[in-house]
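Trainee: Next up is a structure, given as structure tokens.
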Amino acid sequence: MKDDIIEKLKEAGLKGRGGAGFPTSTKWELVKKAKGNNKYVICNASEGEPNVFKDKHIIEKYSEDIVNGIEIAMRAIGANKAYIYLNKDYYKEFKNKLEEVIGEKNIVLFEKKSRYIGGEETSAVESIEGKKAEPRKRPPFLTDYGLFGCPTLMNNVETFYHVSKIAKGEYNKTRFYSVNGDVNNSGVFEFPEDMTIFQVLKKTENHPSFDFFVQVGGGASGEIMLPEELNRPVPGAGSITLFNRKKTDVFVLMKKWAEFFHVGNCDKCVPCREGAFRIYEMVKSGKLDYELLDSLFLSLRESSFCALGRGIPIPFQSLIEKVIKNEKY
Amino acid sequence: MKNIKFKIDNKEVEGVEGETILHVARRNNIRIPAACYHSDLEPETSCRLCLVSIAGRKGLFTSCSVEIEEGMDITTDSPEIKEIRKTNLELIFSQHIEKCGTCVRNYHCRLLSLAKECGIKISEFKDRKQNFPRYQFGPSLIFDSSKCIDCHNCVAMCDKQGVGFLNVEENGNFWEVVPSKDIKRDCIYCGQCLVHCPSGAFEEVSAVGDVEKSLDDKKKFVVFQFAPSIRSSLGEEFGLDYGTVVTGKMIAGIRKLGADRVFDVSVGADVTTIEEGGELIERLTEKKGLPMFTSCCPSWVKYVEFYYPQFIKNLTTVRSPQIILGGLTKTYLAEKEKINPKNIVVVSIMPCISKKFEATREELNIDGLKPIDYVLTTRELACLFKKNNINLAELKDEESDTPWDKYTGAGVIYGATGGVTESALRTVYEKVTGKKLKQIEFKELRGMEGCREAVVKIGDILVKIAIINGLGNAKCLLEKLKENPSLYDYVEVMACSGGCIGGGGQPLPTDREIRKKRAMALYGIDKEWGIRMAHESPVVELLYKDFFKNKKIIHEICHTHYSPKEKDKIKIIKEK
């Protein structure tokens, strides 16, 4: 059974590279087994969080591999149509190039016009169906009930790239890291997937001599880490943004995050719609009411409808605990 | 169905497969606060108040959406849950502008009672919806978007009704509920948005002030008339059980307000039945204009006129009961009692906000006079009673006034889905066959399903009937009729679920169980009542003998016409 791609994915231990890290072979298996005459494959290229830009790099350099990965998926699960779901900017920039690579294959480009939440997988499906981008209740999962009610396989751009590599026998357990901020060498780097934050900074010659902190795994939802916490792998979507501690205005930083969540969410549930807005207002005012923030964070973390809302407290809480409370602001 | 045993707050409870935690909790009188939940709709799960924890599972769950499982051990009120609930409710109040002083929900505000229950400060945050617009749709409905808490129940309901007039659109950084700008979408005033709104953002265009003015005006002869369906619902506003019949008390209360006459619109319904029955027989014999559609529901009429004008010819030309009775008051009664009809003010108490729209239709005027001057909803009548310290529950029964003091069971059941058809068939049967109807009740026409079908044999004719309640079902039916016009002979449509007993003007809350109880009460009256056929009503018989002497006068009072409608202008109104 070595020829079976799903077996190969399992053997390679490939995990989804959109951030959640779900085992790719399991997902494929589920869609393959799901009953349905129509099945779809969706390549999620909606990368939209600040400071995360590795998918763009991959589309730029390896669009053949992406399309190849999508085709492999279509064959493996029995889909006859696939979508590449691109954010507005990528759609504009890569439309022609991708269409050329796709040629006659039944792979359609879809331009994401919605807010950031439209990148979340169920919201993406709603979007493609022509509805308001808003997360669906789960279960049912996309693998059973996805696009137009059909079993649907959705993977991130990078995942499809690695699928292609695995099929060709060229996979070396690497992943892509976006590095930026107060660094000399910003960019996207392909390194082994188990490298630590520290190693990535060292290897890219970005580990600074000044006092700093980093935000890892996403430029809005990622956690703040101090220099002594970097001996761990890079979480989420693989981004590291470095901040010069002295030069960084933490209120400007928090305002960016708060605005991003307030503008990018779907407004469906109360804690996220109203909570994100109140955090934004508070941060803008330049005064933090810790008691109120704690209530909002608790409510967001424990009662938001989807992962976007549940994750909002992470950057703020880690910045406040590790940085703000230890300095005189 | 499988029985499921589980625990809520250490209490052993039972439910059946498919039920949600919230559903079972409510049945067992375990309070779980919830704002956006309504049993008529798929759970939106947006308010995040009905949170519970389940032993052995990570995180919190919305009890409105999670189905019960054997052995679940559920906690509804841990300190953490209470704290989160408080925060979320405070956030809900941070959107909703409290205009409690002028709010129609003042007496039963779901949000305020939640605030008390959860012990929150309703002004924790500065209201963000300051200066949000107040829209008015036609002469019926107001949407005050500054009270909206974005649960989208109204949008879901408007879609379910097949109307799609209310939408969610992006405005700046927020999504908002807005009326559609599409010229092909218009409000039909069913008011189901209002019924399903937890925050009082929707209200009827009030006529309370106008009615009070008329009552104070000594020169005016004020006639109140009340719809069949409100006798089994008004009591709810005064703490009586669902389905309590309060006809006599209501009449007494209306007299206390100072009305000169009180009439029962069921008498108007009996006239509608006779006329509509006659028209049905005519159309069936000539095989023309079939299927015939009922026209008692003004939302349905506007729906046809606006969305499906090709079916206008199918609507019966007979006027609705309130219009017929109002017209009779200003002609027959005025003549009989020698009152200048210009001094008569007819106030119609309806379960409906669309009836406010119907009352403004100019083609219904008789000699330039409107048959109905003001329409009050059931809620507005309750409001008038409360303002005047009239406690309905304590009043002694009184009877309605002559010359229309005798109603029939046929008229009363107009208030429930299928009632119009059943009343018409009772009369049509006896007219066509010349025989006495042995089985008066057409049980096959009753029920709460959104679309029911029946074939009824009348003499040699088989009448194919469809009964629709919930306008969304009418859309499917019209699409089917486009393909095959001979599917049915007679179609009854009521825009609201359950018919008028579930109307947009009825007491809140309204849900499936409540609608059932209100309907049962009406069928109960019919069963106990001596006269159960419209054509056996002595007052109606007298009317035809005394007043309806020729076709012209019958036509003027009882019939009308319809025309295609264009989209109504949406008004943005200033604060009252």
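Residues in the structure tokens are numbered from 1 in each chain, the chains being A, B, ... in the order shown, and ligands are numbered from 1 in the order shown.
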Can you pull out the residues contacting stretch 20-31 of chain B? Cut-off 10 Å, using only C-alpha atoms, and skip same-chain residues under 2 positions away; I want them as a VMD selection string.

Mentor: chain B and resid 6 to 9 11 to 18 33 to 34 37 39 50 to 52 61 to 69 72 74 76 to 77 117

Trainee: Where does DSSP see strand (DSSP E or B) in stretch 71-256 of chain A, if you list the residues as a PyMOL selection string?

Mentor: chain A and resi 81-87+107-112+152-156+174-181+187-192+196+212-216+223-225+233+239-244

Trainee: Let me make sure I understand: among A:Leu300, A:Leu14, A:Ile107, A:Leu319, which one has the smallest atom-to-atom distance to A:Trp257 if we use only C-alpha atoms?

Mentor: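 Under the stated criterion, the closest residue is A:Leu319.
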
Trainee: Can you tell me which residues surround B:Ile324 at a distance of at most 9 Å, considering only C-alpha atoms, apart from same-chain residues fewer than 4 positions away, and format the answer as an MDAnalysis selection string?

Mentor: chainID B and resid 265 268:269 271:272 318:320 328:329 371 557:559

Trainee: Give me, as a list in words, the residues of chain A touching chain B, with the criterion being at most 9 Å (counting only C-alpha atoms).

Mentor: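 In the required form, that comes to Lys132, His262, Val263, Gly264, Cys266, Asp267, Lys268, Cys269, Val270, Pro271, Arg273, Glu274, Gly275, Arg278, Ser295, Leu296, Leu298, Ser299, Leu300, Glu302, Ser303, Ser304 and Phe305 of chain A.
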
Trainee: For B:Ala334, list every protein, DNA or RNA residue within 12 Å, evaluated using only C-alpha atoms, and leave out those in the same chain fewer than 3 positions away; present the list as a list of chain:residue names.

Mentor: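 Residues near the query, excluding close chain neighbours: B:Phe221, B:Val222, B:Val223, B:Gly326, B:Gly327, B:Leu328, B:Thr329, B:Lys330, B:Thr331, B:Glu337, B:Lys338, B:Ile339, B:Asn340, B:Pro341, B:Lys342, B:Asn343, B:Ile344, B:Val345, B:Val346, B:Pro403.
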
Trainee: Give me the residues within 12 Å of B:Leu234 as a ChimeraX atom specification, counting only C-alpha atoms and dropping any in the same chain fewer than 6 places off.

Mentor: /B:226-228,240-251,253,349-351,377-383,385,391-393,501,505-508,518

Trainee: Write out as an mmCIF file with C-alpha atoms, in the first residue's frame each polymer residue whose atoms come within 8 Å of B:Val267, counting only C-alpha atoms; drop sequence neighbours fewer than 5 positions from it.

Mentor:
data_model
loop_
_atom_site.group_PDB
_atom_site.id
_atom_site.type_symbol
_atom_site.label_atom_id
_atom_site.label_comp_id
_atom_site.auth_asym_id
_atom_site.auth_seq_id
_atom_site.Cartn_x
_atom_site.Cartn_y
_atom_site.Cartn_z
ATOM 1 C CA PRO B 321 -64.268 40.571 8.693
ATOM 2 C CA LEU B 325 -68.142 45.030 10.256
ATOM 3 C CA TRP B 404 -74.611 42.276 16.561
ATOM 4 C CA LYS B 406 -75.008 36.997 18.483
ATOM 5 C CA TYR B 407 -71.847 35.379 17.217
ATOM 6 C CA THR B 408 -71.367 31.872 15.857
ATOM 7 C CA GLY B 411 -66.916 33.137 13.253
ATOM 8 C CA VAL B 540 -76.684 38.015 9.950
#

Trainee: Find the residues near B:Ile458: any atom within 12 Å, counting only C-alpha atoms, skip ones fewer than 5 places away on the same chain, and give them as a list in words.

Mentor: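 So, after excluding close chain neighbours, the residues are Ile281, Leu284, Ala424, Leu425, Arg426, Thr427, Val428, Tyr429, Glu430, Lys431, Val432, Thr433, Gly434, Lys435, Lys436, Leu437, Val463 and Lys464 of chain B.
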
Trainee: Taking N, CA and C atoms for each residue, export the selection above as a PDB file, in the first residue's frame.

Mentor:
ATOM      1  N   ILE B 281     -68.645  28.790  -4.484  1.00  0.00           N
ATOM      2  CA  ILE B 281     -69.598  27.970  -5.242  1.00  0.00           C
ATOM      3  C   ILE B 281     -69.619  28.435  -6.707  1.00  0.00           C
ATOM      4  N   LEU B 284     -66.433  27.463  -8.440  1.00  0.00           N
ATOM      5  CA  LEU B 284     -66.384  26.017  -8.653  1.00  0.00           C
ATOM      6  C   LEU B 284     -67.310  25.605  -9.800  1.00  0.00           C
ATOM      7  N   ALA B 424     -66.273  28.320   5.966  1.00  0.00           N
ATOM      8  CA  ALA B 424     -66.814  28.431   4.610  1.00  0.00           C
ATOM      9  C   ALA B 424     -67.427  27.101   4.178  1.00  0.00           C
ATOM     10  N   LEU B 425     -66.729  25.990   4.480  1.00  0.00           N
ATOM     11  CA  LEU B 425     -67.221  24.685   4.028  1.00  0.00           C
ATOM     12  C   LEU B 425     -68.510  24.278   4.735  1.00  0.00           C
ATOM     13  N   ARG B 426     -68.634  24.637   6.009  1.00  0.00           N
ATOM     14  CA  ARG B 426     -69.886  24.332   6.718  1.00  0.00           C
ATOM     15  C   ARG B 426     -71.064  24.970   5.961  1.00  0.00           C
ATOM     16  N   THR B 427     -70.866  26.215   5.559  1.00  0.00           N
ATOM     17  CA  THR B 427     -71.947  26.926   4.871  1.00  0.00           C
ATOM     18  C   THR B 427     -72.124  26.422   3.437  1.00  0.00           C
ATOM     19  N   VAL B 428     -71.000  26.262   2.742  1.00  0.00           N
ATOM     20  CA  VAL B 428     -71.058  25.812   1.345  1.00  0.00           C
ATOM     21  C   VAL B 428     -71.746  24.448   1.260  1.00  0.00           C
ATOM     22  N   TYR B 429     -71.406  23.565   2.197  1.00  0.00           N
ATOM     23  CA  TYR B 429     -71.995  22.227   2.190  1.00  0.00           C
ATOM     24  C   TYR B 429     -73.518  22.305   2.248  1.00  0.00           C
ATOM     25  N   GLU B 430     -74.004  23.061   3.219  1.00  0.00           N
ATOM     26  CA  GLU B 430     -75.466  23.113   3.386  1.00  0.00           C
ATOM     27  C   GLU B 430     -76.144  23.829   2.220  1.00  0.00           C
ATOM     28  N   LYS B 431     -75.485  24.859   1.681  1.00  0.00           N
ATOM     29  CA  LYS B 431     -76.060  25.588   0.547  1.00  0.00           C
ATOM     30  C   LYS B 431     -76.109  24.702  -0.697  1.00  0.00           C
ATOM     31  N   VAL B 432     -75.018  23.973  -0.962  1.00  0.00           N
ATOM     32  CA  VAL B 432     -74.928  23.181  -2.188  1.00  0.00           C
ATOM     33  C   VAL B 432     -75.813  21.948  -2.116  1.00  0.00           C
ATOM     34  N   THR B 433     -75.737  21.250  -0.972  1.00  0.00           N
ATOM     35  CA  THR B 433     -76.455  19.981  -0.892  1.00  0.00           C
ATOM     36  C   THR B 433     -77.889  20.146  -0.404  1.00  0.00           C
ATOM     37  N   GLY B 434     -78.166  21.266   0.268  1.00  0.00           N
ATOM     38  CA  GLY B 434     -79.488  21.460   0.847  1.00  0.00           C
ATOM     39  C   GLY B 434     -79.722  20.549   2.040  1.00  0.00           C
ATOM     40  N   LYS B 435     -78.667  19.852   2.457  1.00  0.00           N
ATOM     41  CA  LYS B 435     -78.804  18.935   3.594  1.00  0.00           C
ATOM     42  C   LYS B 435     -78.144  19.523   4.825  1.00  0.00           C
ATOM     43  N   LYS B 436     -78.555  19.035   5.972  1.00  0.00           N
ATOM     44  CA  LYS B 436     -77.914  19.406   7.247  1.00  0.00           C
ATOM     45  C   LYS B 436     -76.572  18.689   7.354  1.00  0.00           C
ATOM     46  N   LEU B 437     -75.582  19.427   7.765  1.00  0.00           N
ATOM     47  CA  LEU B 437     -74.256  18.837   7.952  1.00  0.00           C
ATOM     48  C   LEU B 437     -74.281  17.983   9.219  1.00  0.00           C
ATOM     49  N   VAL B 463     -63.716  19.044  -3.495  1.00  0.00           N
ATOM     50  CA  VAL B 463     -62.983  20.306  -3.373  1.00  0.00           C
ATOM     51  C   VAL B 463     -61.588  20.024  -2.821  1.00  0.00           C
ATOM     52  N   LYS B 464     -60.587  20.404  -3.629  1.00  0.00           N
ATOM     53  CA  LYS B 464     -59.197  20.179  -3.217  1.00  0.00           C
ATOM     54  C   LYS B 464     -58.709  21.415  -2.459  1.00  0.00           C
TER      55      LYS B 464
END

Trainee: Which residue out of A:Asp294, A:Glu111, A:Asp211, A:Glu170 has the minimum interatomic distance to A:Lys247 when only C-alpha atoms are used?

Mentor: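 Looking only at the distances to A:Lys247, the closest residue turns out to be A:Asp211.
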
Trainee: In Å, how far is it from atom CA of B:Pro79 to atom CA of B:Gly119?

Mentor: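 Between these atoms lies a distance of 13.1 Å.
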
Trainee: Tell me which of A:Ile59, A:Val67, A:Leu153, A:Leu293 sits closest to A:Ile102, counting only C-alpha atoms.

Mentor: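 Smallest separation from A:Ile102 among the options: A:Val67.
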
Trainee: Please compute the atom CA of B:Lys5-atom CA of B:Gly71 distance, one decimal, in Å.

Mentor: 6.1 Å

Trainee: From the options A:Tyr85, A:Phe210, A:Phe261, A:Phe176, which residue's atoms come nearest to A:Ala124, counting only C-alpha atoms?

Mentor: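 Smallest separation from A:Ala124 among the options: A:Tyr85.
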
Trainee: For A:Gln317, which of A:Met254, A:Leu9, A:Val179, A:Val101 is the closest residue, counting only C-alpha atoms?

Mentor: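 Ranking A:Met254, A:Leu9, A:Val179, A:Val101 by distance to A:Gln317, first place goes to A:Met254.
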
Trainee: Hey, what does DSSP flag as helix (DSSP H, G or I) within stretch 56-211 of chain A? Can you give it to me as a PyMOL selection string?

Mentor: chain A and resi 56-77+88-102+116-119+121-128+147-149+157-168+197-203
